[in-house]
Amino acid sequence: MPFVGTGFDTGLHIFAAVVLVATVAAAGIGFWKFHEVPIHQAHKNGHQQLTLITTLTWIGFIWHWVWVLAVIVAFVDAEQAIAKVRDIWKSEGNGSC
């Protein structure tokens with residue numbers, strides 16, 4: 001076998017270890033940044049439920065479905081959604097008979 005037991009073999013092992021550590025670190029950092037998207041969105045919009053979104057995001061590290069709730073709360077403007085539902089409700093009630 002070529003390079004076995006030589007300095008080049010050791011160098012390749014060290015290079016492979018560095019690539020492995022860098023890949024795991026990059027994946028971890030990417031996961032962390034992606035996981036904090038709801039918090040950054042809430043800060044950007046001045047969301048009133050910032051504490052709720054932050055808490056749901058942290059709990060989402062354990063239970064991932066909770067993170068989905070944090071995303072929904074962060075990206076949906078509740079006041080605007082309620083106003084649209086109210087307008088739909090009122091418009092259907094006026095002329096549907």
# chains A, B, ... in the order shown; residues from 1 in each chain; ligands from 1

call {"tool": "residues_around", "arguments": {"residues": "A:Leu69", "least_positions_apart": "6", "cutoff": "9 Å", "atoms": "only C-alpha atoms", "output": "ChimeraX atom specification"}}
result
/A:53,56-57,60

call {"tool": "residues_around", "arguments": {"residues": "A:Phe61", "least_positions_apart": "2", "cutoff": "12 Å", "atoms": "only C-alpha atoms", "output": "list in words"}}
result
Phe31, Trp32, Phe34, His35, Glu36, Thr54, Thr55, Leu56, Thr57, Trp58, Ile59, Trp63, His64, Trp65, Val66, Trp67, Val68 and Ala70 of chain A

call {"tool": "write_last_selection", "arguments": {"atoms": "N, CA and C atoms", "output": "compact mmCIF listing (two decimals), in the first residue's frame"}}
result
# COMPACT_ATOMS: atom_id res chain seq x y z
N PHE A 31 -26.83 25.35 12.06
CA PHE A 31 -28.04 24.94 12.77
C PHE A 31 -28.43 26.00 13.79
N TRP A 32 -27.44 26.52 14.51
CA TRP A 32 -27.70 27.55 15.53
C TRP A 32 -28.29 28.80 14.90
N PHE A 34 -29.81 29.12 11.96
CA PHE A 34 -31.14 28.82 11.42
C PHE A 34 -32.17 28.73 12.53
N HIS A 35 -31.76 28.19 13.67
CA HIS A 35 -32.68 28.01 14.78
C HIS A 35 -33.07 29.34 15.41
N GLU A 36 -32.25 30.37 15.27
CA GLU A 36 -32.54 31.67 15.85
C GLU A 36 -33.25 32.63 14.89
N THR A 54 -38.67 33.89 22.13
CA THR A 54 -37.36 33.44 22.61
C THR A 54 -37.49 32.15 23.40
N THR A 55 -38.48 32.07 24.26
CA THR A 55 -38.69 30.87 25.07
C THR A 55 -39.04 29.67 24.19
N LEU A 56 -39.93 29.87 23.23
CA LEU A 56 -40.30 28.78 22.32
C LEU A 56 -39.10 28.33 21.49
N THR A 57 -38.25 29.26 21.10
CA THR A 57 -37.07 28.91 20.32
C THR A 57 -36.12 28.05 21.14
N TRP A 58 -35.90 28.41 22.40
CA TRP A 58 -35.01 27.62 23.26
C TRP A 58 -35.59 26.24 23.55
N ILE A 59 -36.89 26.18 23.80
CA ILE A 59 -37.53 24.88 24.03
C ILE A 59 -37.49 24.05 22.75
N TRP A 63 -37.76 19.97 21.78
CA TRP A 63 -38.95 19.54 21.06
C TRP A 63 -39.06 20.43 19.82
N HIS A 64 -38.78 19.88 18.67
CA HIS A 64 -38.68 20.67 17.45
C HIS A 64 -40.00 21.26 16.99
N TRP A 65 -41.11 20.63 17.34
CA TRP A 65 -42.40 21.17 16.93
C TRP A 65 -42.67 22.50 17.63
N VAL A 66 -42.08 22.73 18.79
CA VAL A 66 -42.26 24.00 19.48
C VAL A 66 -41.56 25.12 18.71
N TRP A 67 -40.44 24.78 18.05
CA TRP A 67 -39.74 25.76 17.23
C TRP A 67 -40.63 26.22 16.08
N VAL A 68 -41.41 25.32 15.53
CA VAL A 68 -42.34 25.68 14.45
C VAL A 68 -43.36 26.69 14.96
N ALA A 70 -42.78 28.87 17.30
CA ALA A 70 -42.04 30.13 17.41
C ALA A 70 -41.95 30.83 16.06

call {"tool": "select_by_dssp", "arguments": {"residues": "chain A", "states": "alpha helix (DSSP H)", "output": "VMD selection string"}}
result
chain A and resid 7 to 35 37 to 45 50 to 59 64 to 75 78 to 95

call {"tool": "write_last_selection", "arguments": {"atoms": "C-alpha atoms", "output": "tab-separated table (two decimals), in the first residue's frame"}}
result
chain	number	residue	atom	x	y	z
A	7	GLY	CA	4.82	11.09	7.04
A	8	PHE	CA	2.47	11.71	4.13
A	9	ASP	CA	0.01	9.20	5.64
A	10	THR	CA	0.11	11.05	8.96
A	11	GLY	CA	-0.41	14.36	7.17
A	12	LEU	CA	-3.48	13.01	5.40
A	13	HIS	CA	-4.90	11.78	8.71
A	14	ILE	CA	-4.37	15.20	10.29
A	15	PHE	CA	-5.94	16.91	7.26
A	16	ALA	CA	-8.95	14.57	7.43
A	17	ALA	CA	-9.37	15.28	11.15
A	18	VAL	CA	-9.26	19.05	10.54
A	19	VAL	CA	-11.84	18.75	7.75
A	20	LEU	CA	-14.07	16.63	9.98
A	21	VAL	CA	-13.91	19.09	12.89
A	22	ALA	CA	-14.49	22.06	10.56
A	23	THR	CA	-17.49	20.35	8.96
A	24	VAL	CA	-19.09	19.50	12.31
A	25	ALA	CA	-18.45	23.04	13.58
A	26	ALA	CA	-19.92	24.61	10.42
A	27	ALA	CA	-23.00	22.38	10.65
A	28	GLY	CA	-23.46	23.32	14.32
A	29	ILE	CA	-23.10	27.04	13.63
A	30	GLY	CA	-25.47	26.80	10.67
A	31	PHE	CA	-28.04	24.94	12.77
A	32	TRP	CA	-27.70	27.55	15.53
A	33	LYS	CA	-28.18	30.48	13.14
A	34	PHE	CA	-31.14	28.82	11.42
A	35	HIS	CA	-32.68	28.01	14.78
A	37	VAL	CA	-34.41	32.98	12.79
A	38	PRO	CA	-37.64	33.56	14.80
A	39	ILE	CA	-35.79	35.66	17.41
A	40	HIS	CA	-34.12	37.82	14.76
A	41	GLN	CA	-37.44	38.28	12.94
A	42	ALA	CA	-39.16	39.31	16.18
A	43	HIS	CA	-36.40	41.85	16.93
A	44	LYS	CA	-36.59	43.22	13.38
A	45	ASN	CA	-40.36	43.72	13.55
A	50	LEU	CA	-40.42	38.67	22.04
A	51	THR	CA	-40.10	36.78	25.33
A	52	LEU	CA	-42.56	34.12	24.17
A	53	ILE	CA	-40.74	33.67	20.87
A	54	THR	CA	-37.36	33.44	22.61
A	55	THR	CA	-38.69	30.87	25.07
A	56	LEU	CA	-40.30	28.78	22.32
A	57	THR	CA	-37.07	28.91	20.32
A	58	TRP	CA	-35.01	27.62	23.26
A	59	ILE	CA	-37.53	24.88	24.03
A	64	HIS	CA	-38.68	20.67	17.45
A	65	TRP	CA	-42.40	21.17	16.93
A	66	VAL	CA	-42.26	24.00	19.48
A	67	TRP	CA	-39.74	25.76	17.23
A	68	VAL	CA	-42.34	25.68	14.45
A	69	LEU	CA	-44.74	27.51	16.78
A	70	ALA	CA	-42.04	30.13	17.41
A	71	VAL	CA	-41.66	30.64	13.66
A	72	ILE	CA	-45.42	31.04	13.22
A	73	VAL	CA	-45.71	33.51	16.10
A	74	ALA	CA	-42.69	35.49	14.86
A	75	PHE	CA	-43.77	35.76	11.24
A	78	ALA	CA	-51.62	38.55	15.09
A	79	GLU	CA	-53.37	41.93	15.08
A	80	GLN	CA	-53.48	42.04	11.31
A	81	ALA	CA	-54.66	38.43	11.08
A	82	ILE	CA	-57.46	39.03	13.59
A	83	ALA	CA	-58.50	42.18	11.72
A	84	LYS	CA	-58.69	40.25	8.43
A	85	VAL	CA	-60.76	37.47	10.03
A	86	ARG	CA	-63.06	40.10	11.56
A	87	ASP	CA	-63.49	41.81	8.18
A	88	ILE	CA	-64.26	38.49	6.49
A	89	TRP	CA	-66.74	37.64	9.25
A	90	LYS	CA	-68.49	41.01	8.93
A	91	SER	CA	-68.63	40.92	5.11
A	92	GLU	CA	-70.18	37.43	5.07
A	93	GLY	CA	-72.79	38.42	7.64
A	94	ASN	CA	-74.05	41.48	5.75
A	95	GLY	CA	-75.23	40.12	2.41
